[in-house]
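Student: The structure follows.
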Amino acid sequence: MTRTNFENLRIYRLSELLADEIWKIASGWKPFAKDTLGKQMVRAADSIGANIAEGSGRGSSQDNRRFIRMARGSLCETQHWLRRAFNRKLLTGRQVEKLKPLIDELSPKVNSYLHAVSDTVESERERLFRRTKDQSPKTKDQKPKARLNAATS
């Protein structure tokens with residue numbers, strides 16, 4: 001099976017690794033912890049990659065940018081739930097050691113990806129502006145067409 005564009009992104013692959021690790025951890029918790037904190041944490045982690053994938057599949061860079069911001073929000077939410085899990089003694093030191101490097105690498109990469117897509121949006125705007133400017137009158141001496149006004153008739 002060939003990879004789609006989003007599957008080639010390092011941030012997407014990192015988000016999958018993070019979500020899969022969180023799934024493994026939360027699936028081993030007792031029912032109360034799993035039903036309250038675990039499900040929220042898994043949903044937030046899964047949403048990171050889902051938003052990256054959906055944004056890359058949209059037709060415009062502006063839509064992509066919006067979904068990258070949602071992915072960044074989901075990453076922050078995931079961090080929140082991980083903090084709650086740690087404070088409630090649901091995470092072991094070994095689990096934290098496994099998750100921390102993934103988050104530490106993913107966070108700046110999501111921001112870098114957002115900036116790269118934002119630069120693309122700006123470049124598209126500049127191209128459109130130049131194209132519109134090139135189609136405007138070439139001389140400054142050209143007078144605008146007179147407007148007809150009902151009061152002057």
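Labels used: A, B, ... for chains in the order of the structure tokens, numbers from 1 for residues in each chain, and numbers from 1 for ligands as shown.
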Env of segment 111-114 of chain A: 10 Å cut, atoms = only C-alpha atoms, seq-sep filter 2 positions within chain, self excluded. Answer as a PDB file with N, CA and C atoms, in the first residue's frame.
Tutor:
ATOM      1  N   LEU A   9       4.872  12.489   6.628  1.00  0.00           N
ATOM      2  CA  LEU A   9       5.272  13.547   7.553  1.00  0.00           C
ATOM      3  C   LEU A   9       5.795  12.959   8.861  1.00  0.00           C
ATOM      4  N   ARG A  10       6.934  13.447   9.284  1.00  0.00           N
ATOM      5  CA  ARG A  10       7.515  12.984  10.553  1.00  0.00           C
ATOM      6  C   ARG A  10       6.573  13.283  11.717  1.00  0.00           C
ATOM      7  N   ILE A  11       5.910  14.430  11.694  1.00  0.00           N
ATOM      8  CA  ILE A  11       5.010  14.760  12.804  1.00  0.00           C
ATOM      9  C   ILE A  11       3.826  13.797  12.858  1.00  0.00           C
ATOM     10  N   ILE A  52      -3.829  16.296  11.649  1.00  0.00           N
ATOM     11  CA  ILE A  52      -2.749  16.455  10.662  1.00  0.00           C
ATOM     12  C   ILE A  52      -3.170  15.818   9.348  1.00  0.00           C
ATOM     13  N   ASN A  64      -5.514  23.629   5.870  1.00  0.00           N
ATOM     14  CA  ASN A  64      -4.464  22.826   6.475  1.00  0.00           C
ATOM     15  C   ASN A  64      -3.950  23.505   7.737  1.00  0.00           C
ATOM     16  N   ARG A  65      -3.727  24.795   7.654  1.00  0.00           N
ATOM     17  CA  ARG A  65      -3.228  25.561   8.796  1.00  0.00           C
ATOM     18  C   ARG A  65      -4.195  25.471   9.980  1.00  0.00           C
ATOM     19  N   ARG A  66      -5.488  25.566   9.693  1.00  0.00           N
ATOM     20  CA  ARG A  66      -6.506  25.489  10.743  1.00  0.00           C
ATOM     21  C   ARG A  66      -6.444  24.130  11.439  1.00  0.00           C
ATOM     22  N   PHE A  67      -6.288  23.051  10.671  1.00  0.00           N
ATOM     23  CA  PHE A  67      -6.230  21.718  11.273  1.00  0.00           C
ATOM     24  C   PHE A  67      -4.916  21.483  12.010  1.00  0.00           C
ATOM     25  N   ILE A  68      -3.843  22.086  11.564  1.00  0.00           N
ATOM     26  CA  ILE A  68      -2.577  21.965  12.304  1.00  0.00           C
ATOM     27  C   ILE A  68      -2.721  22.632  13.667  1.00  0.00           C
ATOM     28  N   ARG A  69      -3.416  23.764  13.700  1.00  0.00           N
ATOM     29  CA  ARG A  69      -3.662  24.420  14.999  1.00  0.00           C
ATOM     30  C   ARG A  69      -4.496  23.516  15.910  1.00  0.00           C
ATOM     31  N   ALA A  71      -4.470  20.273  15.810  1.00  0.00           N
ATOM     32  CA  ALA A  71      -3.547  19.211  16.230  1.00  0.00           C
ATOM     33  C   ALA A  71      -2.685  19.702  17.388  1.00  0.00           C
ATOM     34  N   ARG A  72      -2.248  20.951  17.296  1.00  0.00           N
ATOM     35  CA  ARG A  72      -1.440  21.526  18.382  1.00  0.00           C
ATOM     36  C   ARG A  72      -2.259  21.605  19.670  1.00  0.00           C
ATOM     37  N   LEU A 106       7.777  16.139  19.264  1.00  0.00           N
ATOM     38  CA  LEU A 106       6.572  16.468  18.503  1.00  0.00           C
ATOM     39  C   LEU A 106       6.165  17.941  18.647  1.00  0.00           C
ATOM     40  N   SER A 107       6.246  18.483  19.842  1.00  0.00           N
ATOM     41  CA  SER A 107       5.782  19.859  20.079  1.00  0.00           C
ATOM     42  C   SER A 107       6.424  20.883  19.144  1.00  0.00           C
ATOM     43  N   PRO A 108       7.752  20.976  19.087  1.00  0.00           N
ATOM     44  CA  PRO A 108       8.335  21.976  18.181  1.00  0.00           C
ATOM     45  C   PRO A 108       8.103  21.649  16.703  1.00  0.00           C
ATOM     46  N   LYS A 109       7.981  20.371  16.379  1.00  0.00           N
ATOM     47  CA  LYS A 109       7.757  20.002  14.973  1.00  0.00           C
ATOM     48  C   LYS A 109       6.368  20.429  14.497  1.00  0.00           C
ATOM     49  N   ALA A 116       5.653  26.542   8.370  1.00  0.00           N
ATOM     50  CA  ALA A 116       5.938  26.231   6.963  1.00  0.00           C
ATOM     51  C   ALA A 116       4.683  26.369   6.116  1.00  0.00           C
ATOM     52  N   VAL A 117       3.561  25.866   6.621  1.00  0.00           N
ATOM     53  CA  VAL A 117       2.304  25.983   5.882  1.00  0.00           C
ATOM     54  C   VAL A 117       1.859  27.440   5.839  1.00  0.00           C
ATOM     55  N   SER A 118       2.082  28.191   6.925  1.00  0.00           N
ATOM     56  CA  SER A 118       1.732  29.613   6.949  1.00  0.00           C
ATOM     57  C   SER A 118       2.541  30.385   5.922  1.00  0.00           C
ATOM     58  N   ASP A 119       3.822  30.032   5.778  1.00  0.00           N
ATOM     59  CA  ASP A 119       4.654  30.682   4.758  1.00  0.00           C
ATOM     60  C   ASP A 119       4.111  30.392   3.365  1.00  0.00           C
ATOM     61  N   THR A 120       3.594  29.185   3.172  1.00  0.00           N
ATOM     62  CA  THR A 120       2.986  28.821   1.893  1.00  0.00           C
ATOM     63  C   THR A 120       1.760  29.684   1.627  1.00  0.00           C
TER      64      THR A 120
END
Student: Need the shell around segment 26-38 of chain A: protein/DNA/RNA residues with any atom at most 9 Å away, counting only C-alpha atoms. Skip same-chain ones fewer than 2 positions apart. Format as number ranges by chain?
Tutor: A: 21-24, 40-43, 81-82, 84-85, 90
